[in-house]
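A.B. asks: Contents of work.csv (CSV, C-alpha atoms) are given next:
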chain,number,residue,atom,x,y,z
A,199,MET,CA,99.9,129.0,96.3
A,200,VAL,CA,97.9,127.1,93.8
A,201,LEU,CA,99.9,123.9,94.2
A,202,ASP,CA,99.3,123.6,98.0
A,203,VAL,CA,96.5,121.2,97.4
A,204,HIS,CA,95.4,117.6,97.3
A,205,GLU,CA,96.6,117.1,93.8
A,206,TRP,CA,100.2,117.7,95.0
A,207,ALA,CA,99.9,114.8,97.4
A,208,LEU,CA,98.6,112.5,94.6
A,209,ALA,CA,101.4,113.7,92.2
A,210,ASP,CA,104.0,113.1,94.9
A,211,SER,CA,102.8,109.6,95.5
A,212,VAL,CA,103.1,108.9,91.7
A,213,LEU,CA,106.7,110.1,91.5
A,214,THR,CA,107.7,108.4,94.7
A,215,THR,CA,106.3,105.1,93.5
A,216,ALA,CA,108.1,105.5,90.1
A,217,LEU,CA,111.4,106.3,91.8
A,218,ASN,CA,111.1,103.3,94.2
A,219,TYR,CA,110.3,101.1,91.2
A,220,ALA,CA,113.2,102.4,89.1
A,221,ASN,CA,115.6,101.8,91.9
A,222,GLY,CA,118.3,104.2,90.6
A,223,LYS,CA,117.7,103.6,86.9
A,224,LYS,CA,116.5,106.5,84.6
A,225,ILE,CA,112.7,106.7,84.3
A,226,LYS,CA,111.7,107.1,80.7
A,227,LYS,CA,107.9,107.1,80.8
A,228,ILE,CA,105.1,107.0,83.4
A,229,VAL,CA,101.5,106.3,82.3
A,230,VAL,CA,99.0,107.5,84.9
A,231,VAL,CA,95.3,106.8,84.9
A,232,VAL,CA,93.0,109.4,86.5
A,233,GLY,CA,89.6,108.1,87.3
A,234,GLU,CA,86.9,110.8,87.0
A,235,LEU,CA,85.2,109.9,90.4
A,236,GLN,CA,88.0,111.7,92.2
A,237,GLN,CA,87.4,114.9,90.1
A,238,ILE,CA,91.1,115.7,89.9
A,239,GLU,CA,91.9,119.2,88.5
A,240,LEU,CA,94.0,117.9,85.7
A,241,GLU,CA,95.9,121.2,85.0
A,242,ILE,CA,96.9,121.4,88.7
A,243,PHE,CA,97.8,117.8,88.8
A,244,LYS,CA,100.0,118.2,85.7
A,245,LEU,CA,101.6,121.3,87.2
A,246,ALA,CA,102.3,119.5,90.4
A,247,LEU,CA,103.9,116.6,88.4
A,248,GLU,CA,106.1,119.1,86.5
A,249,GLU,CA,107.3,120.8,89.7
A,250,LEU,CA,108.0,117.5,91.4
A,251,LYS,CA,109.9,116.2,88.4
A,252,LYS,CA,112.3,119.1,88.8
A,253,LEU,CA,112.5,118.5,92.6
A,254,TYR,CA,113.3,114.8,92.2
A,255,ASN,CA,115.4,115.3,89.0
A,256,VAL,CA,113.2,113.1,86.9
A,257,GLU,CA,113.0,113.7,83.1
A,258,ALA,CA,110.3,111.1,82.3
A,259,GLU,CA,107.5,111.7,79.9
A,260,ILE,CA,104.3,111.5,81.8
A,261,VAL,CA,101.2,110.4,80.0
A,262,ILE,CA,97.8,110.9,81.6
A,263,GLU,CA,94.8,108.8,80.6
A,264,GLU,CA,91.3,109.7,81.9
A,265,GLU,CA,88.9,106.9,82.9
A,266,GLU,CA,85.2,107.2,83.1
A,267,ALA,CA,83.8,106.2,86.5
A,268,ILE,CA,81.3,103.4,86.4
A,269,PHE,CA,79.2,102.0,89.3
A,270,LYS,CA,77.5,98.6,89.5
A,271,CYS,CA,74.8,97.9,92.0
A,272,ASN,CA,75.5,94.8,94.2
A,273,SER,CA,71.8,94.7,94.9
A,274,CYS,CA,70.1,94.8,91.5
A,275,GLY,CA,73.0,94.6,89.1
A,276,TYR,CA,72.3,98.0,87.4
A,277,GLU,CA,75.3,99.8,85.9
A,278,TRP,CA,75.6,103.6,85.6
A,279,SER,CA,78.1,106.3,85.1
A,280,PHE,CA,79.1,108.9,87.8
A,281,ARG,CA,78.4,111.5,85.0
A,282,ASP,CA,74.7,110.6,85.3
A,283,THR,CA,74.6,111.7,88.9
A,284,LEU,CA,77.2,114.5,88.9
A,285,ASP,CA,74.7,117.4,88.2
A,286,LYS,CA,72.6,116.4,91.2
A,287,LEU,CA,75.4,116.8,93.7
A,288,ASP,CA,76.2,120.0,95.5
A,289,GLU,CA,79.7,121.5,95.8
A,290,ALA,CA,80.4,120.3,99.3
A,291,THR,CA,79.4,116.7,98.3
A,292,LYS,CA,81.6,116.8,95.3
A,293,GLU,CA,84.5,118.1,97.5
A,294,SER,CA,84.0,115.2,99.9
A,295,ILE,CA,84.1,112.6,97.1
A,296,HIS,CA,87.2,114.4,95.6
A,297,PHE,CA,89.1,113.8,98.9
A,298,ILE,CA,87.7,110.3,99.5
A,299,PRO,CA,86.0,108.7,96.4
A,300,GLU,CA,84.4,105.9,98.4
A,301,LEU,CA,82.2,108.5,100.1
A,302,SER,CA,80.1,108.3,97.0
A,303,HIS,CA,78.4,105.5,99.0
A,304,SER,CA,77.4,108.1,101.6
A,305,PHE,CA,75.8,110.5,99.0
A,306,ILE,CA,74.9,108.5,95.8
A,307,ARG,CA,72.3,105.7,95.6
A,308,CYS,CA,71.6,103.2,92.8
A,309,PRO,CA,69.3,105.1,90.4
A,310,ARG,CA,67.2,101.9,89.9
A,311,CYS,CA,66.8,100.4,93.3
A,312,GLY,CA,68.1,103.1,95.8
A,313,SER,CA,70.8,100.9,97.3
A,314,PRO,CA,74.0,102.3,98.7
A,315,ASP,CA,75.6,98.9,98.1
A,316,TYR,CA,77.4,99.2,94.8
A,317,GLU,CA,80.9,98.7,93.4
A,318,ILE,CA,83.0,101.3,91.8
A,319,VAL,CA,83.9,99.2,88.8
A,320,LYS,CA,86.4,101.6,87.3
A,321,GLY,CA,87.4,105.3,87.3
A,322,ARG,CA,87.9,105.6,91.1
A,323,GLY,CA,91.1,107.6,91.3
A,324,VAL,CA,94.7,107.8,90.4
A,325,TYR,CA,96.8,104.7,89.6
A,326,ILE,CA,99.9,103.9,87.6
A,327,LYS,CA,99.4,101.8,84.5
A,328,GLU,CA,103.0,101.7,83.3
A,329,ILE,CA,106.5,102.7,84.3
A,330,GLU,CA,109.2,102.5,81.7
A,331,VAL,CA,112.8,102.6,82.9
A,332,GLU,CA,116.0,102.7,80.9
A,333,LYS,CA,117.8,99.3,80.5
A,334,ARG,CA,121.4,99.1,81.6
B,201,MET,CA,98.6,98.5,87.7
B,202,ILE,CA,100.5,100.0,90.7
B,203,ASP,CA,98.7,101.9,93.5
B,204,PRO,CA,100.8,105.0,94.1
B,205,ARG,CA,99.2,105.6,97.5
B,206,ILE,CA,101.0,102.8,99.2
B,207,ALA,CA,104.4,104.5,98.8
B,208,GLY,CA,102.8,107.9,99.5
B,209,ALA,CA,101.3,106.7,102.8
B,210,LYS,CA,104.6,105.0,103.9
B,211,LYS,CA,106.6,108.2,103.1
B,212,ARG,CA,104.2,110.5,105.0
B,213,LEU,CA,104.1,108.2,108.0
B,214,SER,CA,107.9,107.6,108.1
B,215,LYS,CA,108.4,111.0,109.7
B,216,VAL,CA,106.2,110.1,112.7
B,217,LYS,CA,108.4,108.6,115.5
B,218,ARG,CA,105.9,106.3,117.1
B,219,ILE,CA,102.5,104.9,116.0
B,220,PHE,CA,100.2,103.4,118.6
B,221,VAL,CA,97.4,101.3,117.2
B,222,VAL,CA,94.6,100.8,119.7
B,223,LEU,CA,92.7,97.5,119.2
B,224,SER,CA,90.1,95.3,120.8
B,225,GLY,CA,88.4,92.1,120.2
B,226,LYS,CA,84.9,93.5,120.7
B,227,GLY,CA,83.2,96.9,120.6
B,228,GLY,CA,82.2,98.8,123.7
B,229,VAL,CA,85.3,98.1,125.7
B,230,GLY,CA,86.6,101.7,125.7
B,231,LYS,CA,89.0,102.0,122.7
B,232,THR,CA,87.8,105.4,121.7
B,233,LEU,CA,87.9,106.9,125.2
B,234,PHE,CA,91.3,105.4,125.8
B,235,SER,CA,92.8,106.5,122.5
B,236,SER,CA,91.3,110.0,122.8
B,237,THR,CA,92.3,110.5,126.4
B,238,LEU,CA,95.8,109.1,125.8
B,239,ALA,CA,96.2,111.7,123.0
B,240,LEU,CA,95.0,114.5,125.3
B,241,VAL,CA,97.3,113.3,128.1
B,242,LEU,CA,100.4,113.2,125.8
B,243,ALA,CA,99.6,116.6,124.4
B,244,LYS,CA,99.4,118.0,127.9
B,245,LYS,CA,102.9,116.7,128.5
B,246,GLY,CA,104.1,118.7,125.5
B,247,ILE,CA,104.4,115.9,123.0
B,248,ASN,CA,103.2,116.6,119.5
B,249,VAL,CA,100.5,114.1,119.1
B,250,GLY,CA,98.1,113.0,116.4
B,251,LEU,CA,94.8,111.0,116.6
B,252,PHE,CA,93.4,109.2,113.6
B,253,ASP,CA,89.9,107.8,114.1
B,254,MET,CA,90.0,104.8,111.8
B,255,ASP,CA,86.6,103.5,112.8
B,256,PHE,CA,84.9,104.8,109.6
B,257,GLN,CA,81.6,103.1,110.3
B,258,GLY,CA,81.3,104.3,113.9
B,259,PRO,CA,83.5,107.4,114.2
B,260,THR,CA,83.2,108.9,117.7
B,261,CYS,CA,86.6,110.4,118.7
B,262,HIS,CA,85.2,113.8,117.7
B,263,VAL,CA,82.5,113.4,120.3
B,264,VAL,CA,85.1,112.8,123.0
B,265,LEU,CA,87.2,115.8,121.8
B,266,GLY,CA,84.3,118.0,121.2
B,267,ALA,CA,85.6,118.7,117.7
B,268,ARG,CA,83.0,120.7,115.9
B,269,ASP,CA,83.2,123.0,112.9
B,270,VAL,CA,86.8,122.1,112.2
B,271,TYR,CA,88.2,121.1,108.8
B,272,PRO,CA,91.7,120.1,107.6
B,273,GLU,CA,93.8,122.8,105.9
B,274,GLU,CA,95.1,122.1,102.4
B,275,GLU,CA,98.8,122.2,102.1
B,276,LYS,CA,100.4,119.7,99.7
B,277,GLY,CA,97.6,117.4,100.8
B,278,ILE,CA,95.8,118.0,104.0
B,279,ILE,CA,96.9,119.0,107.5
B,280,PRO,CA,94.5,117.8,110.3
B,281,PRO,CA,93.2,120.5,112.6
B,282,LYS,CA,94.4,120.7,116.2
B,283,ILE,CA,91.9,120.2,119.0
B,284,HIS,CA,93.3,120.9,122.4
B,285,ASP,CA,96.8,120.5,120.9
B,286,VAL,CA,95.9,117.1,119.4
B,287,ARG,CA,96.2,116.9,115.6
B,288,PHE,CA,93.0,115.1,114.7
B,289,LEU,CA,91.9,113.3,111.6
B,290,SER,CA,88.5,111.8,111.1
B,291,ILE,CA,86.2,110.8,108.2
B,292,ILE,CA,83.5,113.0,109.8
B,293,PHE,CA,85.3,116.1,108.2
B,294,PHE,CA,84.1,114.7,104.8
B,295,LEU,CA,81.1,112.7,105.9
B,296,GLY,CA,79.0,115.2,107.9
B,297,GLU,CA,76.1,113.4,109.4
B,298,ASN,CA,75.8,110.9,106.6
B,299,PRO,CA,76.3,107.1,107.1
B,300,ALA,CA,79.3,105.4,105.5
B,301,PRO,CA,78.0,102.1,104.1
B,302,LEU,CA,81.5,100.8,103.1
B,303,ARG,CA,82.5,97.2,102.3
B,304,GLY,CA,86.0,96.1,103.3
B,305,SER,CA,87.7,97.0,100.0
B,306,ASP,CA,86.2,100.4,100.2
B,307,ARG,CA,87.5,100.9,103.7
B,308,THR,CA,91.0,99.9,102.5
B,309,ASN,CA,90.8,102.6,99.9
B,310,VAL,CA,89.7,105.2,102.5
B,311,ILE,CA,92.6,104.2,104.7
B,312,LEU,CA,95.1,104.5,101.9
B,313,GLU,CA,93.6,107.7,100.5
B,314,LEU,CA,93.8,109.5,103.9
B,315,LEU,CA,97.2,108.2,104.8
B,316,SER,CA,98.7,109.2,101.5
B,317,ILE,CA,97.4,112.8,101.5
B,318,THR,CA,97.8,113.7,105.2
B,319,ASN,CA,100.7,115.8,106.4
B,320,TRP,CA,101.1,115.0,110.0
B,321,ASN,CA,103.8,117.7,110.1
B,322,ASP,CA,105.7,117.7,113.4
B,323,THR,CA,103.6,114.8,115.0
B,324,GLU,CA,105.9,112.7,117.2
B,325,VAL,CA,103.3,110.2,118.4
B,326,LEU,CA,100.3,109.1,116.2
B,327,ILE,CA,97.4,107.2,117.9
B,328,ILE,CA,95.1,105.2,115.7
B,329,ASP,CA,91.7,104.3,117.1
B,330,MET,CA,90.6,101.2,115.3
B,331,PRO,CA,87.2,99.6,114.7
B,332,PRO,CA,86.7,96.4,116.8
B,333,GLY,CA,87.8,93.0,115.7
B,334,SER,CA,90.5,91.6,113.4
B,335,GLY,CA,89.1,92.2,110.0
B,336,ASP,CA,90.1,94.1,106.9
B,337,ASP,CA,91.1,97.2,108.9
B,338,VAL,CA,93.6,95.4,111.1
B,339,LEU,CA,95.1,93.6,108.1
B,340,ASP,CA,95.4,96.9,106.3
B,341,VAL,CA,97.2,98.5,109.2
B,342,ILE,CA,99.6,95.5,109.3
B,343,LYS,CA,100.2,95.8,105.6
B,344,PHE,CA,100.5,99.6,105.1
B,345,ILE,CA,102.0,100.9,108.3
B,346,ASP,CA,105.6,100.0,109.1
B,347,ASN,CA,106.6,101.4,112.5
B,348,LYS,CA,103.5,100.5,114.5
B,349,GLU,CA,103.0,99.3,118.1
B,350,PHE,CA,99.7,97.7,119.1
B,351,ILE,CA,97.9,98.5,122.4
B,352,VAL,CA,95.2,95.9,123.0
B,353,ILE,CA,92.3,96.8,125.3
B,354,SER,CA,89.8,94.6,127.0
B,355,THR,CA,87.4,94.5,129.9
B,356,PRO,CA,87.5,91.7,132.4
B,357,SER,CA,84.3,90.2,130.9
B,358,ALA,CA,84.4,86.7,129.6
B,359,LEU,CA,82.9,88.0,126.4
B,360,SER,CA,85.8,90.4,125.8
B,361,ILE,CA,88.4,87.9,126.9
B,362,GLU,CA,87.2,85.4,124.4
B,363,THR,CA,87.6,87.7,121.5
B,364,VAL,CA,90.8,89.5,122.7
B,365,SER,CA,92.5,86.2,123.1
B,366,ARG,CA,92.0,85.5,119.3
B,367,LEU,CA,93.3,88.9,118.5
B,368,LEU,CA,96.4,88.5,120.7
B,369,ARG,CA,97.0,85.1,119.1
B,370,LEU,CA,97.0,86.7,115.6
B,371,LEU,CA,99.3,89.6,116.6
B,372,LYS,CA,101.8,87.2,118.3
B,373,GLU,CA,101.6,84.7,115.5
B,374,GLN,CA,102.5,87.5,113.0
B,375,ASP,CA,105.4,88.5,115.3
B,376,LEU,CA,104.0,92.1,115.6
B,377,ASN,CA,105.1,94.6,118.1
B,378,VAL,CA,102.5,94.5,120.9
B,379,LEU,CA,103.1,97.2,123.4
B,380,GLY,CA,100.8,95.6,125.9
B,381,LEU,CA,97.3,94.9,127.3
B,382,VAL,CA,95.1,97.5,129.0
B,383,GLU,CA,92.4,96.3,131.3
B,384,ASN,CA,89.5,98.7,131.2
B,385,MET,CA,86.4,99.1,133.4
B,386,SER,CA,88.1,97.0,136.1
B,387,GLU,CA,88.8,97.5,139.8
B,388,SER,CA,91.4,94.6,139.8
B,389,GLU,CA,94.1,93.1,137.7
B,390,LYS,CA,92.2,90.2,136.4
B,391,LEU,CA,93.8,90.2,133.0
B,392,LYS,CA,97.4,89.9,134.2
B,393,GLY,CA,97.3,86.1,133.6
B,394,LEU,CA,96.0,86.7,130.0
B,395,ALA,CA,98.9,89.1,129.4
B,396,GLU,CA,101.4,86.5,130.7
B,397,LYS,CA,99.8,83.7,128.6
B,398,PHE,CA,100.5,85.7,125.5
B,399,LYS,CA,103.8,87.1,126.7
B,400,VAL,CA,102.7,90.8,126.4
B,401,SER,CA,103.2,93.5,128.9
B,402,TYR,CA,100.3,94.2,131.3
B,403,LEU,CA,100.0,98.0,131.1
B,404,GLY,CA,97.5,98.5,133.9
B,405,ASN,CA,93.8,98.5,134.9
B,406,ILE,CA,91.4,101.4,134.6
B,407,PRO,CA,88.4,101.4,137.0
B,408,PHE,CA,85.0,102.2,135.6
B,409,ASP,CA,84.5,106.0,136.1
B,410,PRO,CA,80.8,107.2,135.7
B,411,SER,CA,82.0,110.8,135.6
B,412,VAL,CA,83.5,110.3,132.1
B,413,GLU,CA,80.1,110.5,130.4
B,414,ASP,CA,79.5,114.0,131.6
B,415,ALA,CA,83.0,115.0,130.4
B,416,LEU,CA,82.5,113.9,126.8
B,417,GLY,CA,83.1,116.8,124.5
B,418,ASN,CA,85.0,118.7,127.2
B,419,PRO,CA,88.7,117.7,127.1
B,420,LEU,CA,89.6,119.8,130.1
B,421,LYS,CA,86.9,118.1,132.2
B,422,LEU,CA,87.9,114.7,130.8
B,423,LEU,CA,91.6,115.3,131.8
B,424,ASP,CA,90.4,115.9,135.3
B,425,THR,CA,88.6,112.5,135.7
B,426,ASN,CA,89.9,109.5,137.6
B,427,PHE,CA,89.8,107.7,134.2
B,428,ALA,CA,92.3,110.2,132.7
B,429,LYS,CA,94.6,109.8,135.7
B,430,HIS,CA,94.8,106.1,135.1
B,431,VAL,CA,95.4,106.6,131.4
B,432,GLU,CA,98.2,109.0,132.4
B,433,GLU,CA,99.9,106.2,134.4
B,434,ILE,CA,99.8,104.0,131.4
B,435,ALA,CA,101.1,106.8,129.2
B,436,ILE,CA,104.1,107.2,131.4
B,437,ARG,CA,104.8,103.4,131.1
B,438,ILE,CA,104.7,103.4,127.3
B,439,ILE,CA,106.5,106.7,126.4
What does this structure look like when you write it as structure tokens?

C.D. replies:
Amino acid sequence: MVLDVHEWALADSVLTTALNYANGKKIKKIVVVVGELQQIELEIFKLALEELKKLYNVEAEIVIEEEEAIFKCNSCGYEWSFRDTLDKLDEATKESIHFIPELSHSFIRCPRCGSPDYEIVKGRGVYIKEIEVEKR
Amino acid sequence: MIDPRIAGAKKRLSKVKRIFVVLSGKGGVGKTLFSSTLALVLAKKGINVGLFDMDFQGPTCHVVLGARDVYPEEEKGIIPPKIHDVRFLSIIFFLGENPAPLRGSDRTNVILELLSITNWNDTEVLIIDMPPGSGDDVLDVIKFIDNKEFIVISTPSALSIETVSRLLRLLKEQDLNVLGLVENMSESEKLKGLAEKFKVSYLGNIPFDPSVEDALGNPLKLLDTNFAKHVEEIAIRII
């Protein structure tokens, strides 16, 4: 089944968090940011969210915003985008970073100084930017 | 900004009945061997057991278990593979032979990511093998895992006692559930006094067993060592 994947777990965490936050109130809208480092398959993620909405009886509008992944070297200060290194990675490496984005540190080096010591400034993975619930 | 993984991790772990967190003040006192052997001993008793190697910068539980060419299945997240009936999760599945140069905040993210996507399925007891010390990783376990019980391990060396005392002080100060203290590589019960001082149970001593080294990677041989027999006695006390 196409939904038996990692994206399902991420989608489930999003809805569980929103339901906890709403505490019984109706959820109107959830804004989810998806960082590109995690290489989420957006269509599968959206499908999982729709399935889980039915399962949890949630009618909220879900807005997904994509965020570019940016790294900044702690050693030399250089800033670069994950996109710049993406085509140099093999499929197995991409898969590892998909499951654990921090493993970029195991596979990607600063293009200027070669250091593995850099920050993921933004675009790491999935987070919730906004949850709108109905006022009572 | 809300991190959805915190609720995800708590939800997935809520189905596990008991979570043992194996800690020490210093490295090299036998956490990994104890955690891995405890997992094997419990599995042999028919308990559904999981083992999570949380020492991301020095993962070695796979060496003890002889876990090679295994990978988690994907099912609404990931299901850790079973090695000798132990459901086993390690960063090595994703890391291969590469190093993991991770700062503290990165390790926090790895812990949350793995806990929020892992289906432990029918696991009754989860054992977490921690990195040494009381840094970010311990604070993360305290913050993100609800129903945890700490097992603290030390050798009778003054160097280990010095650091484990600070660790016990922290756990007691925070009113955490400490299951007890294990004295490793020791013929006698030298650390009973330390356990009494911090009002934690003394779980027993495990003499140094040179045959363990040859049993690494071979769980059946490991279970047959004197070391494993002592771990089993401790297992009976805590289950």

A.B. asks: Can you measure atom CA of B:Ala435 to atom CA of B:Ser386 for me? One decimal in Å is fine.

C.D. replies: 17.7 Å

A.B. asks: Compile the contact shell of A:Glu241 as JSON, numbers by chain: residues with an atom at most 12 Å away, counting all atoms listed in the file, same-chain residues fewer than 4 positions apart removed.

C.D. replies: {"A": [200, 201, 205, 206, 209, 237, 245, 246, 247, 248, 262]}

A.B. asks: Output as a PyMOL selection string the set of chain B residues within 12 Å of chain A, with distances taken over only C-alpha atoms.

C.D. replies: chain B and resi 201-212+256-257+271-279+290-319

A.B. asks: Rounded to one decimal, what separation in Å do you get between atom CA of B:Ala267 and atom CA of B:Lys421?

C.D. replies: 14.6 Å

A.B. asks: I'd like the interatomic distance between atom CA of B:Asp269 and atom CA of A:Phe280, to a tenth of an Å.

C.D. replies: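 So the two atoms, atom CA of B:Asp269 and atom CA of A:Phe280, lie 29.1 Å apart.
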
A.B. asks: Would you mind telling me which residue in B:Thr425, B:Leu339, B:Gly225, B:Asn405 lies nearest to B:Arg366 when using only C-alpha atoms?

C.D. replies: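 That would be B:Gly225, the residue with the smallest distance to B:Arg366.
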
A.B. asks: Write out as a list in words each polymer residue whose atoms come within 7 Å of B:Leu238, counting all atoms listed in the file; drop sequence neighbours fewer than 3 positions from it.

C.D. replies: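 The contact residues come out as Phe234, Ser235, Val241, Leu242, Val431 and Ala435 of chain B.
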
A.B. asks: Using C-alpha atoms, can you export the residues from the last selection as a CSV table (one decimal), keeping the file's coordinate frame?

C.D. replies:
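Saved result, part11.csv, follows:
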chain,number,residue,atom,x,y,z
B,234,PHE,CA,91.3,105.4,125.8
B,235,SER,CA,92.8,106.5,122.5
B,241,VAL,CA,97.3,113.3,128.1
B,242,LEU,CA,100.4,113.2,125.8
B,431,VAL,CA,95.4,106.6,131.4
B,435,ALA,CA,101.1,106.8,129.2

A.B. asks: From the options B:Arg218, B:Lys348, B:Lys231, B:Lys399, which residue's atoms come nearest to B:Cys261, counting all atoms listed in the file?

C.D. replies: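 Residue with the minimum atom-to-atom distance to B:Cys261: B:Lys231.
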
A.B. asks: What's around B:Thr355 at 12 Å? Count all atoms listed in the file, leave out sequence neighbours fewer than 2 positions away in its own chain, and write the answer as a PyMOL selection string.

C.D. replies: chain B and resi 224-231+352-353+357-365+381-392+394+404-408

A.B. asks: What's the 10 Å shell around A:Trp278, counting all atoms listed in the file, without same-chain residues fewer than 4 positions away, as a count of residues only?

C.D. replies: 12

A.B. asks: Identify which of the residues A:Ile242, A:Lys251, A:Lys286, A:Arg307 lies closest to A:Ser273, counting only C-alpha atoms when measuring atom-to-atom distances.

C.D. replies: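 Counting only C-alpha atoms, the residue closest to A:Ser273 is A:Arg307.
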
A.B. asks: Leaving out B:Asn248 and any residue of its chain fewer than 2 positions from it, which residues lie within 7 Å of it when counting only C-alpha atoms, given as a PyMOL selection string?

C.D. replies: chain B and resi 243+246+250+322-325
